[in-house]
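Novice: Have a look at the structure that comes next, please.
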Amino acid sequence: MKFDEIRKHLSRFRVGIAGAGGLGSNCAVALTRCGIGSLVIADHDSVEEPNLNRQYYFTDQIGKAKTIALEENLSRINPETHVVSFQTILDKSNISGIFSGCDVIVEAFDSAEMKKMLIETVQTQLPHIPIVVASGLAGWGKNNTIRFRKIDDTLYICGDESSDVNDDLPPMAPRVGIVANMQANVVVEILMQKSIRQ
Amino acid sequence: MKILLNNREEEFPREPISISELISMKKFSFRMRIIKVNGIFIPQDQYGSTLVRDGDRVQMHYLMSGG
């Protein structure tokens with residue numbers, strides 16, 4: 001299949017991204033370059049200087065809401081991808097409203113508690129929507145420990161599933177970027193297998 | 001009873017046991033996890049009331065911080 005045909009197919013789908021930090025911003029960039037039709041992005045934070053070690057923002061965006069900064073960056077890459085963003089803290093009460101129209105949801109949070117809350121909410125309230133989770137990306141090196149597992153048709157996990165972030169094992173651009181792009185790769189794979197929505 | 005825990009056969013002295021009992025019997029520590037029993041997602045607030053029986057397939061996946 002030629003790239004133009006792939007892009008045309010992907011332009012018919014909508015992908016939700018929960019979190020616009022290291023995982024979410026990099027995953028959104030990859031999906032935008034692939035020509036996904038629309039992205040629904042939710043985050044409540046603003047861009048801060050320490051984020052620039054791994055997140056897809058620029059020094060002149062410090063202080064800006066991540067949702068707005070990311071929308072700007074994505075539109076500079078591919079204005080054809082429609083971005084809908086929500087500057088809000090996601091919780092059990094608003095997740096299904098925000099992401100119910102999505103074909104796939106990407107879990108792109110930092111904290112394990114938020115990851116768990118999102119997975120639990122999507123699996124119970126939106127059980128038909130596949131969720132692509134990131135778990136284990138702290139530090140550097142150890143390329144071969146990063147893996148992908150399909151648990152079932154609704155749950156996919158990317159990461160080493162063992163390294164937790166701490167002061168001596170911070171999240172860094174290479175491994176965060178690998179996992180974020182792995183998530184985008186899973187999304188593309190899921191959508192390429194889907195027939196076109198009527 | 002015998003169950004499949006993360007694709008490995010495990011034996012328990014009685015049947016049924018709750019998810020909470022399974023976690024404490026296995027001495028699993030505090031790490032953040034999600035659980036599916038026979039492919040069905042079990043929310044945390046149902047760990048005490050969800051029973052695991054002989055032949056069940058239990059999957060536990062661990063959630064690491066960082067993103």
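In the structure tokens, chains take the letters A, B, ... in the order shown, each chain's residues start at 1, and ligands count up from 1 in the order shown.
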Could you list, as an MDAnalysis selection string, every residue of chain B that has an atom within 10 Å of an atom of chain A, counting only C-alpha atoms?
Specialist: chainID B and resid 31:36 39:44 59 61:67
Novice: If we count only C-alpha atoms and set the cut-off at 10 Å, which residues sit around A:Ile89, ignoring sequence neighbours fewer than 3 positions away in its own chain? Please answer as an MDAnalysis selection string.
Specialist: chainID A and resid 18:19 42:45 86 94:95
Novice: So that I can see what lies close to B:Asp56, please list as a PyMOL selection string the residues with an atom at most 7 Å from it, counting only C-alpha atoms and leaving out residues fewer than 6 positions away in the same chain.
Specialist: chain B and resi 3-4+37-38
Novice: Write the residues of the selection above to a file with N, CA, C and O atoms, as a PDB file, in the first residue's frame.
Specialist:
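Result written to out_34.pdb:
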```pdb
ATOM      1  N   ILE B   3      -5.292 -22.525  39.076  1.00  0.00           N
ATOM      2  CA  ILE B   3      -5.660 -21.444  38.159  1.00  0.00           C
ATOM      3  C   ILE B   3      -4.451 -21.126  37.276  1.00  0.00           C
ATOM      4  O   ILE B   3      -3.345 -21.572  37.545  1.00  0.00           O
ATOM      5  N   LEU B   4      -4.711 -20.365  36.224  1.00  0.00           N
ATOM      6  CA  LEU B   4      -3.618 -19.853  35.401  1.00  0.00           C
ATOM      7  C   LEU B   4      -3.393 -18.404  35.807  1.00  0.00           C
ATOM      8  O   LEU B   4      -4.259 -17.553  35.595  1.00  0.00           O
ATOM      9  N   VAL B  37      -9.916 -11.212  34.858  1.00  0.00           N
ATOM     10  CA  VAL B  37     -10.214 -12.614  35.157  1.00  0.00           C
ATOM     11  C   VAL B  37     -11.019 -13.169  33.988  1.00  0.00           C
ATOM     12  O   VAL B  37     -12.080 -12.621  33.648  1.00  0.00           O
ATOM     13  N   ASN B  38     -10.509 -14.213  33.370  1.00  0.00           N
ATOM     14  CA  ASN B  38     -11.117 -14.792  32.165  1.00  0.00           C
ATOM     15  C   ASN B  38     -11.409 -13.711  31.129  1.00  0.00           C
ATOM     16  O   ASN B  38     -12.462 -13.706  30.480  1.00  0.00           O
TER      17      ASN B  38
END
```
Novice: Let's see if you can do this: from backbone DSSP, list all strand (DSSP E or B) residues in chain B, as a list of chain:residue names.
Specialist: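 Secondary structure check on chain B, strand (DSSP E or B): B:Lys2, B:Ile3, B:Leu4, B:Leu5, B:Arg8, B:Glu9, B:Glu10, B:Glu11, B:Ile17, B:Ser18, B:Arg33, B:Ile34, B:Ile35, B:Lys36, B:Val37, B:Ile40, B:Phe41, B:Ile42, B:Leu51, B:Val52, B:Arg57, B:Val58, B:Gln59, B:Met60, B:His61, B:Tyr62.
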